[in-house]
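**Student:** Take a look at data_12.txt, compact mmCIF, C-alpha atoms:
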# COMPACT_ATOMS: atom_id res chain seq x y z
CA MET A 1 21.74 -1.67 -26.41
CA THR A 2 21.78 0.98 -29.19
CA ARG A 3 22.09 -1.65 -31.95
CA LEU A 4 19.22 -3.63 -30.46
CA LEU A 5 17.05 -0.51 -30.32
CA VAL A 6 17.80 0.31 -33.96
CA ALA A 7 16.97 -3.25 -35.01
CA VAL A 8 13.65 -3.15 -33.16
CA CYS A 9 12.74 0.16 -34.85
CA LEU A 10 13.67 -1.17 -38.29
CA VAL A 11 11.28 -4.09 -38.02
CA ALA A 12 8.49 -2.01 -36.46
CA THR A 13 5.59 -1.39 -38.83
CA LEU A 14 4.31 1.69 -36.99
CA ALA A 15 6.01 4.77 -35.63
CA SER A 16 4.65 3.92 -32.19
CA GLY A 17 6.73 0.72 -32.28
CA CYS A 18 9.95 2.75 -32.19
CA ALA A 19 8.53 4.96 -29.44
CA ALA A 20 7.69 1.90 -27.35
CA ALA A 21 11.16 0.45 -27.85
CA ARG A 22 12.83 3.70 -26.81
CA PHE A 23 10.54 3.94 -23.78
CA GLU A 24 11.28 0.37 -22.68
CA ALA A 25 15.03 0.95 -22.97
CA ALA A 26 14.82 4.13 -20.86
CA HIS A 27 12.52 2.54 -18.28
CA ARG A 28 14.78 -0.47 -17.88
CA THR A 29 17.64 1.72 -16.65
CA CYS A 30 15.54 4.01 -14.42
CA ASP A 31 16.48 4.05 -10.74
CA ARG A 32 13.35 4.11 -8.57
CA ALA A 33 15.36 5.09 -5.50
CA ALA A 34 17.00 8.12 -7.11
CA GLU A 35 14.62 10.67 -5.58
CA VAL A 36 14.10 11.19 -1.86
CA ASP A 37 10.68 12.74 -2.55
CA PRO A 38 9.33 11.53 -5.92
CA GLY A 39 6.13 13.52 -5.39
CA VAL A 40 8.07 16.77 -5.63
CA ALA A 41 9.92 15.61 -8.77
CA LEU A 42 6.53 14.80 -10.32
CA GLY A 43 5.42 18.37 -9.67
CA TYR A 44 2.64 17.67 -7.19
CA ALA A 45 1.88 20.64 -4.96
CA GLY A 46 0.99 18.60 -1.89
CA PRO A 47 -2.03 19.01 0.41
CA SER A 48 -3.76 22.26 1.19
CA ASP A 49 -3.89 23.63 4.72
CA ALA A 50 -5.66 21.21 7.07
CA GLY A 51 -7.75 24.09 8.46
CA GLU A 52 -10.03 22.94 11.27
CA LEU A 53 -9.03 19.27 11.03
CA ARG A 54 -7.75 17.65 14.20
CA GLU A 55 -6.09 14.39 15.31
CA ARG A 56 -6.46 11.49 12.84
CA ALA A 57 -8.41 13.56 10.31
CA ALA A 58 -5.48 16.01 10.13
CA ARG A 59 -2.89 13.23 9.94
CA ASN A 60 -4.75 11.49 7.10
CA HIS A 61 -5.11 14.77 5.23
CA GLU A 62 -1.37 15.41 5.52
CA THR A 63 -0.10 11.94 4.60
CA ALA A 64 -2.46 11.00 1.73
CA PRO A 65 -0.76 10.64 -1.69
CA PRO A 66 -0.42 13.96 -3.53
CA TRP A 67 -2.58 12.79 -6.44
CA VAL A 68 -5.56 12.42 -4.07
CA VAL A 69 -7.86 15.45 -3.95
CA GLY A 70 -11.02 16.14 -1.99
CA GLN A 71 -12.28 14.38 1.11
CA SER A 72 -10.72 11.03 0.24
CA ARG A 73 -7.59 12.51 1.80
CA VAL A 74 -9.45 12.22 5.10
CA TYR A 75 -11.79 9.28 4.39
CA PRO A 76 -10.03 6.86 1.99
CA PHE A 77 -12.36 4.42 0.25
CA ASP A 78 -12.01 1.79 -2.48
CA PRO A 79 -15.39 1.70 -4.29
CA SER A 80 -14.59 -1.68 -5.87
CA PHE A 81 -14.20 -3.48 -2.54
CA PRO A 82 -17.17 -5.24 -0.79
CA TYR A 83 -16.76 -3.76 2.70
CA TRP A 84 -20.13 -5.19 3.77
CA GLU A 85 -18.57 -8.67 3.75
CA LEU A 86 -16.52 -7.55 6.77
CA TRP A 87 -19.63 -6.77 8.80
CA PRO A 88 -19.81 -8.92 11.98
CA ALA A 89 -22.59 -9.71 14.42
CA SER A 90 -20.86 -7.18 16.70
CA GLY A 91 -17.77 -5.05 16.36
CA GLY A 92 -15.47 -2.78 18.30
CA ALA A 93 -15.07 0.98 18.19
CA SER A 94 -11.44 0.63 17.04
CA THR A 95 -12.38 -0.62 13.56
CA PRO A 96 -13.93 1.42 10.70
CA LEU A 97 -17.65 2.18 10.88
CA LEU A 98 -19.65 1.23 7.79
CA CYS A 99 -23.07 2.74 7.06
CA ARG A 100 -25.42 1.32 4.42
CA LEU A 101 -28.15 3.59 3.08
CA THR A 102 -30.96 2.01 1.05
CA TYR A 103 -33.73 3.85 -0.78
CA ASP A 104 -37.21 2.32 -1.25
CA ARG A 105 -39.56 4.15 -3.61
CA THR A 106 -42.49 1.81 -2.87
CA ARG A 107 -42.81 3.08 0.72
CA ARG A 108 -44.06 6.60 0.19
CA ARG A 109 -47.10 8.76 0.81
CA GLY A 110 -47.78 10.70 -2.35
CA LEU A 111 -47.81 10.61 -6.11
CA PHE A 112 -44.13 10.82 -6.94
CA ALA A 113 -40.98 9.11 -5.79
CA ALA A 114 -37.77 11.12 -5.43
CA ASP A 115 -37.29 11.11 -9.18
CA PRO A 116 -40.16 9.57 -11.16
CA LEU A 117 -38.23 9.58 -14.44
CA THR A 118 -34.89 7.98 -13.55
CA GLU A 119 -33.33 5.63 -11.03
CA VAL A 120 -32.55 7.20 -7.67
CA GLU A 121 -28.85 7.90 -7.25
CA LEU A 122 -27.98 8.74 -3.66
CA THR A 123 -25.53 11.31 -2.37
CA THR A 124 -24.88 11.67 1.36
CA VAL A 125 -23.27 14.28 3.54
CA TYR A 126 -21.92 12.62 6.70
CA GLU A 127 -20.19 14.12 9.73
CA VAL A 128 -19.51 13.61 13.42
CA PRO A 129 -19.79 17.19 14.74
CA GLY A 130 -16.77 18.26 16.75
CA LYS A 131 -14.64 15.32 15.58
CA THR A 132 -14.59 14.94 11.81
CA PRO A 133 -15.43 17.28 8.94
CA PRO A 134 -18.46 16.78 6.67
CA GLN A 135 -17.78 14.43 3.79
CA ARG A 136 -19.85 14.25 0.61
CA VAL A 137 -20.16 10.72 -0.76
CA HIS A 138 -21.72 9.76 -4.09
CA GLY A 139 -23.41 6.39 -4.49
CA PRO A 140 -23.10 4.35 -7.72
CA ASP A 141 -25.00 5.40 -10.83
CA GLY A 142 -28.48 3.95 -11.16
CA VAL A 143 -28.32 2.07 -7.83
CA PRO A 144 -30.66 3.03 -4.94
CA GLN A 145 -28.10 1.98 -2.31
CA MET A 146 -24.78 3.32 -1.11
CA PHE A 147 -22.17 2.94 1.62
CA VAL A 148 -20.30 5.43 3.79
CA LEU A 149 -17.09 4.32 5.49
CA ASP A 150 -15.51 6.16 8.42
CA GLY A 151 -12.15 4.74 9.40
CA VAL A 152 -10.90 7.95 11.02
CA THR A 153 -13.22 8.90 13.88
CA GLU A 154 -12.42 7.69 17.38
CA PHE A 155 -15.98 7.21 18.61
CA ALA A 156 -17.27 7.51 22.17
CA PRO A 157 -20.78 7.01 23.59
CA GLY A 158 -22.84 10.11 23.01
CA ASP A 159 -21.22 11.06 19.71
CA ALA A 160 -23.70 12.09 17.04
CA LEU A 161 -23.65 10.78 13.46
CA ARG A 162 -25.30 13.40 11.29
CA MET A 163 -26.45 12.62 7.74
CA ALA A 164 -28.33 14.34 4.94
CA VAL A 165 -29.29 12.28 1.89
CA VAL A 166 -30.47 13.49 -1.53
CA ASP A 167 -31.23 12.08 -4.94
CA ARG A 168 -28.54 13.90 -6.89
CA ASP A 169 -30.61 13.88 -10.12
CA VAL A 170 -33.28 16.04 -8.55
CA HIS A 171 -33.04 19.82 -8.34
CA TRP A 172 -36.08 21.19 -6.54
CA GLY A 173 -34.76 24.74 -6.36
CA GLY A 174 -32.31 24.36 -3.49
CA SER A 175 -28.81 25.78 -3.73
CA SER A 176 -26.96 23.05 -1.82
CA ILE A 177 -27.16 19.37 -1.08
CA THR A 178 -28.90 19.86 2.27
CA ASP A 179 -31.59 22.25 1.02
CA ASP A 180 -33.99 19.51 -0.08
CA PRO A 181 -32.92 16.15 1.38
CA LEU A 182 -34.75 12.86 1.23
CA ILE A 183 -33.71 12.48 4.82
CA ALA A 184 -31.77 14.52 7.39
CA PHE A 185 -31.21 12.92 10.77
CA THR A 186 -28.81 12.27 13.64
CA LEU A 187 -27.98 8.84 15.07
CA PRO A 188 -26.60 8.70 18.64
CA TYR A 189 -23.52 6.48 18.86
CA ARG A 190 -23.78 3.42 21.10
CA SER A 191 -20.68 1.29 21.63
CA GLY A 192 -20.99 -2.34 20.53
CA ALA A 193 -24.42 -1.93 18.92
CA ALA A 194 -25.67 -1.46 15.39
CA LEU A 195 -27.02 2.01 14.67
CA THR A 196 -30.22 2.03 12.64
CA GLY A 197 -32.58 4.69 11.38
CA THR A 198 -35.21 5.39 8.77
CA SER A 199 -36.69 8.49 7.18
CA GLY A 200 -40.24 7.24 7.68
CA ALA A 201 -42.92 7.21 4.98
CA MET A 202 -41.98 10.37 3.11
CA TRP A 203 -43.84 11.38 -0.02
CA ARG A 204 -40.76 10.76 -2.15
CA GLY A 205 -39.88 7.38 -0.66
CA THR A 206 -37.90 6.23 2.37
CA VAL A 207 -34.25 5.78 3.24
CA ASP A 208 -33.15 3.09 5.70
CA VAL A 209 -29.76 3.38 7.40
CA ARG A 210 -27.66 0.79 9.23
CA CYS A 211 -24.22 1.56 10.68
CA GLU A 212 -21.93 -1.00 12.30
CA HIS A 213 -18.25 -1.48 13.00
CA LEU A 214 -16.34 -3.97 10.87
CA ASP A 215 -14.96 -7.16 12.37
CA ALA A 216 -11.42 -6.69 13.69
CA PHE A 217 -10.10 -10.03 12.38
CA ALA A 218 -11.68 -9.51 8.95
CA VAL A 219 -10.25 -5.98 8.76
CA GLN A 220 -6.75 -7.22 9.54
CA SER A 221 -7.02 -9.98 6.94
CA ALA A 222 -8.28 -7.59 4.26
CA TYR A 223 -5.55 -5.10 5.14
CA VAL A 224 -2.80 -7.69 4.75
CA ASP A 225 -4.33 -8.90 1.47
CA ALA A 226 -4.41 -5.34 0.09
CA LEU A 227 -0.76 -4.79 0.97
CA ARG A 228 0.17 -8.16 -0.55
CA GLN A 229 -1.71 -7.30 -3.75
CA LEU A 230 0.06 -3.96 -3.95
CA ASP A 231 3.49 -5.52 -3.32
CA ALA A 232 2.87 -8.09 -6.07
CA GLY A 233 1.86 -5.35 -8.49
CA LEU A 234 4.98 -3.34 -7.74
CA GLN A 235 7.16 -6.44 -8.09
CA ARG A 236 5.87 -7.31 -11.58
CA TRP A 237 5.49 -3.70 -12.73
CA ASP A 238 6.33 -3.67 -16.45
CA PRO A 239 4.57 -0.64 -17.96
CA GLN A 240 3.84 -0.27 -21.65
CA PHE A 241 3.93 2.97 -23.62
CA GLU A 242 0.53 3.41 -25.31
CA PRO A 243 0.01 7.00 -26.54
CA ARG A 244 -3.77 6.71 -26.98
CA ASP A 245 -4.39 4.93 -23.68
CA TRP A 246 -5.04 6.70 -20.38
CA ASP A 247 -1.91 8.47 -19.16
CA PHE A 248 -0.05 7.20 -22.25
CA GLY A 249 -0.29 3.66 -20.85
CA LEU A 250 0.37 4.33 -17.17
CA ALA A 251 -3.20 3.43 -16.16
CA GLY A 252 -3.50 0.49 -18.56
CA SER A 253 -0.25 -1.01 -17.27
CA GLY A 254 -1.72 -1.58 -13.81
CA MET A 255 -1.27 1.71 -11.95
CA THR A 256 -5.05 2.05 -11.47
CA GLU A 257 -5.27 -1.34 -9.75
CA MET A 258 -2.28 -0.60 -7.52
CA ARG A 259 -3.77 2.71 -6.45
CA SER A 260 -7.05 0.93 -5.62
CA ALA A 261 -5.18 -1.57 -3.44
CA LEU A 262 -3.42 1.32 -1.70
CA GLU A 263 -6.74 3.13 -1.09
CA ARG A 264 -8.27 -0.08 0.27
CA ALA A 265 -5.40 -0.55 2.72
CA ALA A 266 -5.65 3.11 3.76
CA SER A 267 -9.41 2.83 4.28
CA LEU A 268 -8.83 0.04 6.82
CA ARG A 269 -5.84 1.54 8.68
CA GLY A 270 -5.53 5.17 7.55
CA TRP A 271 -3.19 7.03 5.22
CA ASP A 272 -1.00 7.62 8.26
CA ALA A 273 -0.27 3.90 8.82
CA PRO A 274 3.52 3.31 8.39
CA GLU A 275 3.00 0.43 5.93
CA VAL A 276 0.69 2.57 3.77
CA ARG A 277 3.08 5.54 3.79
CA GLU A 278 6.02 3.36 2.71
CA ARG A 279 4.08 1.90 -0.21
CA THR A 280 2.78 5.31 -1.21
CA ASN A 281 6.38 6.42 -1.71
CA ARG A 282 7.19 3.30 -3.74
CA LEU A 283 4.15 3.85 -5.94
CA LEU A 284 5.18 7.47 -6.56
CA ALA A 285 8.68 6.28 -7.45
CA ALA A 286 7.23 3.84 -10.01
CA GLN A 287 5.13 6.63 -11.52
CA LEU A 288 8.20 8.91 -11.66
CA CYS A 289 10.20 6.31 -13.59
CA PHE A 290 7.35 5.91 -16.07
CA GLU A 291 6.97 9.64 -16.66
CA ARG A 292 10.69 10.31 -17.03
CA SER A 293 10.97 7.48 -19.54
CA ALA A 294 7.88 8.64 -21.43
CA ALA A 295 8.69 12.37 -21.51
CA PRO A 296 10.82 12.35 -24.73
CA GLU A 297 8.15 10.35 -26.56
CA VAL A 298 5.32 12.56 -25.31
CA ALA A 299 7.26 15.56 -26.63
CA ARG A 300 7.63 13.88 -30.04
CA TRP A 301 3.91 13.09 -30.03
CA ALA A 302 3.05 16.68 -29.21
CA GLY A 303 5.42 17.93 -31.90
CA ARG A 304 3.68 16.12 -34.73
CA SER A 305 1.62 18.20 -37.16
CA ARG A 306 -2.03 17.92 -36.20
CA SER A 307 -5.35 19.58 -36.71
CA ARG A 308 -5.92 22.51 -34.41
CA ARG A 309 -9.55 21.54 -33.91
CA LEU A 310 -11.44 19.19 -31.62
CA GLY A 311 -14.61 18.26 -33.43
CA GLU A 312 -16.20 21.50 -34.64
CA LEU A 313 -14.29 23.61 -32.13
CA GLN A 314 -11.11 25.51 -32.82
CA LEU A 315 -8.91 25.89 -29.72
CA ALA A 316 -5.85 27.94 -28.92
CA ALA A 317 -4.26 27.78 -25.46
CA THR A 318 -2.97 31.19 -24.40
CA ASP A 319 -1.81 30.85 -20.80
CA TYR A 320 -0.91 28.32 -18.11
CA ARG A 321 0.11 29.26 -14.58
CA CYS A 322 0.07 27.96 -11.02
CA ALA A 323 -0.20 30.22 -7.97
CA ALA A 324 -1.06 30.10 -4.29
CA GLU A 325 -4.70 30.88 -3.47
CA PRO A 326 -5.78 32.99 -0.44
CA SER A 327 -6.61 29.66 1.24
CA GLY A 328 -2.97 28.63 0.93
CA GLU A 329 -3.68 25.90 -1.64
CA THR A 330 -1.91 25.91 -4.99
CA ALA A 331 -4.19 26.17 -8.00
CA CYS A 332 -3.23 25.77 -11.67
CA ARG A 333 -5.24 27.27 -14.53
CA LEU A 334 -5.15 26.93 -18.29
CA THR A 335 -6.70 29.65 -20.47
CA VAL A 336 -8.06 28.58 -23.86
CA ASP A 337 -9.69 30.60 -26.67
CA ILE A 338 -12.45 28.44 -28.17
CA THR A 339 -14.27 29.21 -31.43
CA SER A 340 -17.36 27.33 -32.60
CA ARG A 341 -17.71 26.43 -36.30
CA SER A 342 -20.97 24.54 -35.75
CA ASP A 343 -24.10 25.86 -37.51
CA GLY A 344 -26.07 25.74 -34.28
CA GLY A 345 -23.36 26.83 -31.88
CA ALA A 346 -21.84 24.54 -29.24
CA MET A 347 -21.46 23.88 -25.54
CA ILE A 348 -18.31 24.93 -23.72
CA PRO A 349 -16.36 21.63 -23.54
CA ALA A 350 -16.32 20.26 -20.01
CA ASN A 351 -14.56 16.94 -20.60
CA LEU A 352 -11.12 18.07 -21.68
CA ARG A 353 -7.97 16.74 -20.05
CA LEU A 354 -4.50 18.19 -19.87
CA VAL A 355 -1.60 15.90 -20.77
CA LEU A 356 1.60 16.74 -18.93
CA ALA A 357 5.16 16.16 -20.12
CA GLY A 358 5.33 12.61 -18.78
CA GLY A 359 1.96 11.54 -20.21
CA ARG A 360 -0.01 12.11 -17.02
CA GLU A 361 -3.61 13.23 -17.61
CA ILE A 362 -5.26 15.80 -15.36
CA ALA A 363 -8.96 16.65 -15.61
CA LEU A 364 -9.78 20.26 -16.48
CA LEU A 365 -12.71 21.88 -14.66
CA PRO A 366 -14.38 24.84 -16.46
CA GLU A 367 -14.20 27.82 -14.14
CA ARG A 368 -15.25 30.80 -16.25
CA ALA A 369 -16.12 31.44 -19.91
CA THR A 370 -16.48 34.94 -21.34
CA VAL A 371 -17.23 36.53 -24.71
CA ALA A 372 -16.29 40.20 -24.89
CA GLY A 373 -16.10 40.29 -21.11
CA GLN A 374 -19.57 38.80 -20.55
CA GLU A 375 -19.93 35.36 -18.95
CA VAL A 376 -21.51 32.71 -21.20
CA ARG A 377 -22.47 29.04 -20.95
CA ASP A 378 -22.78 28.26 -24.67
CA LEU A 379 -20.96 29.32 -27.81
CA ALA A 380 -22.79 30.92 -30.75
CA GLN A 381 -21.55 30.18 -34.26
CA ASN A 382 -18.23 31.90 -35.08
CA ASN A 383 -18.04 33.37 -31.57
CA THR A 384 -14.82 33.00 -29.61
CA ALA A 385 -14.95 32.47 -25.86
CA THR A 386 -12.06 32.80 -23.47
CA VAL A 387 -12.36 29.84 -21.11
CA ILE A 388 -10.41 29.44 -17.89
CA TYR A 389 -9.99 25.83 -16.77
CA GLN A 390 -8.70 24.81 -13.35
CA LEU A 391 -6.70 21.61 -13.01
CA GLU A 392 -8.35 19.01 -10.79
CA VAL A 393 -5.04 18.18 -9.10
CA PRO A 394 -2.89 21.16 -7.99
CA LEU A 395 0.66 21.22 -9.36
CA ARG A 396 3.86 23.24 -9.17
CA ASP A 397 4.81 24.61 -12.57
CA ASP A 398 8.53 24.78 -11.70
CA GLN A 399 9.02 21.05 -12.37
CA ALA A 400 9.64 19.76 -15.90
CA LEU A 401 7.17 16.87 -15.70
CA ALA A 402 4.35 19.22 -14.66
CA ARG A 403 4.54 21.27 -17.85
CA PRO A 404 1.55 20.93 -20.21
CA MET A 405 2.00 19.35 -23.64
CA LEU A 406 -1.43 18.47 -25.02
CA LEU A 407 -5.14 19.05 -24.71
CA ARG A 408 -6.91 15.71 -24.98
CA SER A 409 -10.53 14.84 -25.69
CA ARG A 410 -12.07 11.38 -25.69
CA ARG A 411 -15.16 10.67 -27.77
CA TYR A 412 -16.79 7.36 -26.94
CA LEU A 413 -17.96 5.39 -29.94
CA LEU A 414 -21.66 4.66 -30.36
CA PHE A 415 -22.67 1.16 -29.15
CA SER A 416 -19.10 0.45 -28.11
CA ARG A 417 -16.85 0.66 -25.09
CA GLY A 418 -14.10 2.03 -27.28
CA TYR A 419 -13.24 5.68 -27.73
CA ARG A 420 -11.44 7.97 -30.12
CA VAL A 421 -8.69 10.22 -28.80
CA GLU A 422 -8.17 13.70 -30.20
CA ASP A 423 -5.04 15.59 -29.18
CA LEU A 424 -4.20 19.25 -29.60
CA PRO A 425 -0.56 20.31 -29.03
CA LEU A 426 -0.17 23.34 -26.78
CA ARG A 427 1.88 26.23 -28.12
CA LEU A 428 2.36 28.37 -25.05
CA THR A 429 4.69 31.34 -25.05
CA ARG A 430 5.63 31.13 -21.37
Spell out the structure here as C-alpha cells.
**Tutor:**
Amino acid sequence: MTRLLVAVCLVATLASGCAAARFEAAHRTCDRAAEVDPGVALGYAGPSDAGELRERAARNHETAPPWVVGQSRVYPFDPSFPYWELWPASGGASTPLLCRLTYDRTRRRGLFAADPLTEVELTTVYEVPGKTPPQRVHGPDGVPQMFVLDGVTEFAPGDALRMAVVDRDVHWGGSSITDDPLIAFTLPYRSGAALTGTSGAMWRGTVDVRCEHLDAFAVQSAYVDALRQLDAGLQRWDPQFEPRDWDFGLAGSGMTEMRSALERAASLRGWDAPEVRERTNRLLAAQLCFERSAAPEVARWAGRSRSRRLGELQLAATDYRCAAEPSGETACRLTVDITSRSDGGAMIPANLRLVLAGGREIALLPERATVAGQEVRDLAQNNTATVIYQLEVPLRDDQALARPMLLRSRRYLLFSRGYRVEDLPLRLTR
C-alpha cells in the first residue's frame, strides 16, 4: 500500500494529487461501525432543550440529526421534492398536511402591490395553537408561491391553523414578521376536507391558501423511494478529497443529496421513525469516516503559507470557545479582529465560514462588532473592529474534529456559476 501511494504521488502533477491519494488510502481502511455515537465523535453538541414541545414535536426535535438546526428539527422538509404531486382528491388525518400559499398582485385595491420594485417572496409563520410551535417558512426566491408541510401534528376537528404571511423584501417599519402581514388568519380544521382561505382584495394584493392531507398510498411510495435512494447512495459512497469544494469535497461527493433524501423520508414519517433514525446514524458514520481521513490533509492545507487578508480586509482570529447558554443550548463563538485597507471603508463580512479539522464548513453569523467598545456596522479605512461570530451549528470544542482550522470566503465570479475560494489559517493560542 505504501509503495503504491508513493508511486501515485510521484506521477501526480499537483500537490493536491498526493493529498487525494493519501485521503483515499485512509478512507479505504476506515471502519464505519467503530463508533457507537458518531455524532459525538464529530463534535456535535446535540439538540437544545425541547422547552414547551410535546408529543411528536418533542420526539422529532430530540431525534433529528445533530447537523439540523432551527425548526426543521420539528418540521422536516425537502425543498427539492414536489409534495403537491401527492395531493389526492381526499386524504386522511394520519398523513402530512400540505398548505399552498399563492400571491396575486393583480387582485388589489390600491396603487401598490406588496413590493412594487421586486418579485414578491413569501415568508409564513404557521402554528396549531396548543399542539405545535410556530414555524417560520421561507418561500423560494422570486416566486410568489410557497408550501408549508406539517407532518407532525395529530389533527382533530376544531383545531385551528393559524398563519401570518409577509413579503420578506418589504420592511414597513414593523419589528417582527407579524407586524405588517399581507394576511393573518385562522382556518378551522375539518377532517377529510380541503381547507381554503383568502386574504380578500387587500391594497397590496391577495394571498390564497389551500391545505389538504397527502394521499396515504402516495406518501408510503415516496417514503420507500426516499429510503431506497438513500441506501443506494450509502452503498456507492466513494468520496473525493477536493480542498476548494464545499466541505473539502464532502458535499460534492454526494452527501448533500443523501441528506436531502433523509429529510424527505423524515418529512413523510418523522425524524422519530425507526427507519429514519437507523439511516441517520449510518449517514453520520459515513461523514465521520470522511472527516477522519481528511483531517491530516486539512491540517497540511491550513499550514501552508498564505496571505493573511481576504480581499481588502486583514483578519486575525483571537479566540474560539463553546459554552452552555442560559437556555441550556451550547453556543460556539469565534472572535476576529478585522482591519479595512479599502479607501472607502468596508462592510463587516457576513458570509464567512469556519472550516473545522475534518473539512466541515460551518456558517458564521455576525453577532456583535465593536470599535473601541462602540458597536459598529461598517468599517472605516484603517479602523480595526473586534467581531464576534456565532457558529450556525452548535459544537463541543472538546472533540478533535470540531477544532477550527481555517476561515473561508467564497467570491462568486461575475457572469459565472463558479467561485473563488480564499482561505485564512487560524492561529489560535488556546
**Student:** So how far away is atom CA of Pro239 of chain A from atom CA of Ala251 of chain A, in Å?
**Tutor:**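 Computing the Euclidean distance for atom CA of Ala251 of chain A and atom CA of Pro239 of chain A yields 9.0 Å.
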**Student:** Mind giving me the straight-line distance from atom CA of Leu401 of chain A to atom CA of Asn281 of chain A in Å, one decimal?
**Tutor:** 17.5 Å
**Student:** Please identify all polymer residues lying at most 12 Å from the point (-11.4, 1.1, 4.6) (file coordinates), using all atoms listed in the file, and present the result as a ChimeraX atom specification.
**Tutor:** /A:72,74-84,86,95-98,147-152,213-216,218-220,222-223,226,260-271
**Student:** When you count only C-alpha atoms, which of these residues is closest to Pro66 of chain A: A:Ile338, A:Leu283, A:Ala350, A:Ala194?
**Tutor:**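 Ranking A:Ile338, A:Leu283, A:Ala350, A:Ala194 by distance to Pro66 of chain A, first place goes to A:Leu283.
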**Student:** Using all atoms listed in the file, pick whichever of A:Gly142, A:Arg321, A:Val166, A:Gly373 has the shortest atom-to-atom distance to Leu428 of chain A.
**Tutor:**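 Ranking A:Gly142, A:Arg321, A:Val166, A:Gly373 by distance to Leu428 of chain A, first place goes to A:Arg321.
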**Student:** Can you pull out every residue within 7 Å of segment 44-48 of chain A, counting all atoms listed in the file, but drop anything in the same chain fewer than 4 positions away, and send it as JSON, numbers by chain?
**Tutor:** {"A": [39, 40, 62, 66, 328, 329, 330, 394, 395, 396]}
**Student:** Which polymer residues have any atom within 9 Å of an atom of segment 376-392 of chain A, counting all atoms listed in the file, with same-chain residues fewer than 3 positions away left out, as a PyMOL selection string?
**Tutor:** chain A and resi 69+314+331-348+353-354+362-373+395
**Student:** Please identify all polymer residues within 9 Å of Arg292 of chain A, counting all atoms listed in the file, omitting same-chain residues fewer than 4 positions from it, and present them as a ChimeraX atom specification.
**Tutor:** /A:26-27,30,287-288,296,357-358,401
**Student:** Could you tell me how far atom CA of Pro404 of chain A sits from atom CA of Pro243 of chain A, in Å to one decimal place?
**Tutor:**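 About the pair atom CA of Pro243 of chain A and atom CA of Pro404 of chain A: they are 15.4 Å apart.
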**Student:** Show me, as an MDAnalysis selection string, the residues that have an atom within 7 Å of Ile183 of chain A when counting only C-alpha atoms, minus same-chain residues fewer than 3 positions from it.
**Tutor:** chainID A and resid 164:165 199 207
**Student:** For C-alpha atoms, I'd like the residues from the last selection saved as a tab-separated table (two decimals), in the frame of the given file.
**Tutor:**
chain	number	residue	atom	x	y	z
A	164	ALA	CA	-28.33	14.34	4.94
A	165	VAL	CA	-29.29	12.28	1.89
A	199	SER	CA	-36.69	8.49	7.18
A	207	VAL	CA	-34.25	5.78	3.24
**Student:** Using all atoms listed in the file, which residue out of A:Ala184, A:Ala113, A:Cys99, A:Val137 lies closest to Gly70 of chain A?
**Tutor:**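 With all atoms listed in the file as the atom set, the closest residue is A:Val137.
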**Student:** Taking (5.7, -1.6, -10.7) in the file's coordinates, which residues come within 12 Å, counting all atoms listed in the file, written as a short mmCIF file (atom, residue, chain, number, x, y, z; two decimals) with C-alpha atoms, keeping the file's coordinate frame?
**Tutor:**
data_model
loop_
_atom_site.label_atom_id
_atom_site.label_comp_id
_atom_site.auth_asym_id
_atom_site.auth_seq_id
_atom_site.Cartn_x
_atom_site.Cartn_y
_atom_site.Cartn_z
CA HIS A 27 12.52 2.54 -18.28
CA ARG A 28 14.78 -0.47 -17.88
CA CYS A 30 15.54 4.01 -14.42
CA ARG A 32 13.35 4.11 -8.57
CA GLN A 229 -1.71 -7.30 -3.75
CA LEU A 230 0.06 -3.96 -3.95
CA ASP A 231 3.49 -5.52 -3.32
CA ALA A 232 2.87 -8.09 -6.07
CA GLY A 233 1.86 -5.35 -8.49
CA LEU A 234 4.98 -3.34 -7.74
CA GLN A 235 7.16 -6.44 -8.09
CA ARG A 236 5.87 -7.31 -11.58
CA TRP A 237 5.49 -3.70 -12.73
CA ASP A 238 6.33 -3.67 -16.45
CA PRO A 239 4.57 -0.64 -17.96
CA GLN A 240 3.84 -0.27 -21.65
CA LEU A 250 0.37 4.33 -17.17
CA ALA A 251 -3.20 3.43 -16.16
CA SER A 253 -0.25 -1.01 -17.27
CA GLY A 254 -1.72 -1.58 -13.81
CA MET A 255 -1.27 1.71 -11.95
CA THR A 256 -5.05 2.05 -11.47
CA GLU A 257 -5.27 -1.34 -9.75
CA MET A 258 -2.28 -0.60 -7.52
CA ARG A 259 -3.77 2.71 -6.45
CA ARG A 279 4.08 1.90 -0.21
CA ARG A 282 7.19 3.30 -3.74
CA LEU A 283 4.15 3.85 -5.94
CA LEU A 284 5.18 7.47 -6.56
CA ALA A 285 8.68 6.28 -7.45
CA ALA A 286 7.23 3.84 -10.01
CA GLN A 287 5.13 6.63 -11.52
CA LEU A 288 8.20 8.91 -11.66
CA CYS A 289 10.20 6.31 -13.59
CA PHE A 290 7.35 5.91 -16.07
#
**Student:** So, counting only C-alpha atoms, which residue among A:Ala400, A:Gly249, A:Val224, A:Thr206 is closest to Ala299 of chain A?
**Tutor:**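 Closest to Ala299 of chain A, using only C-alpha atoms: A:Ala400.
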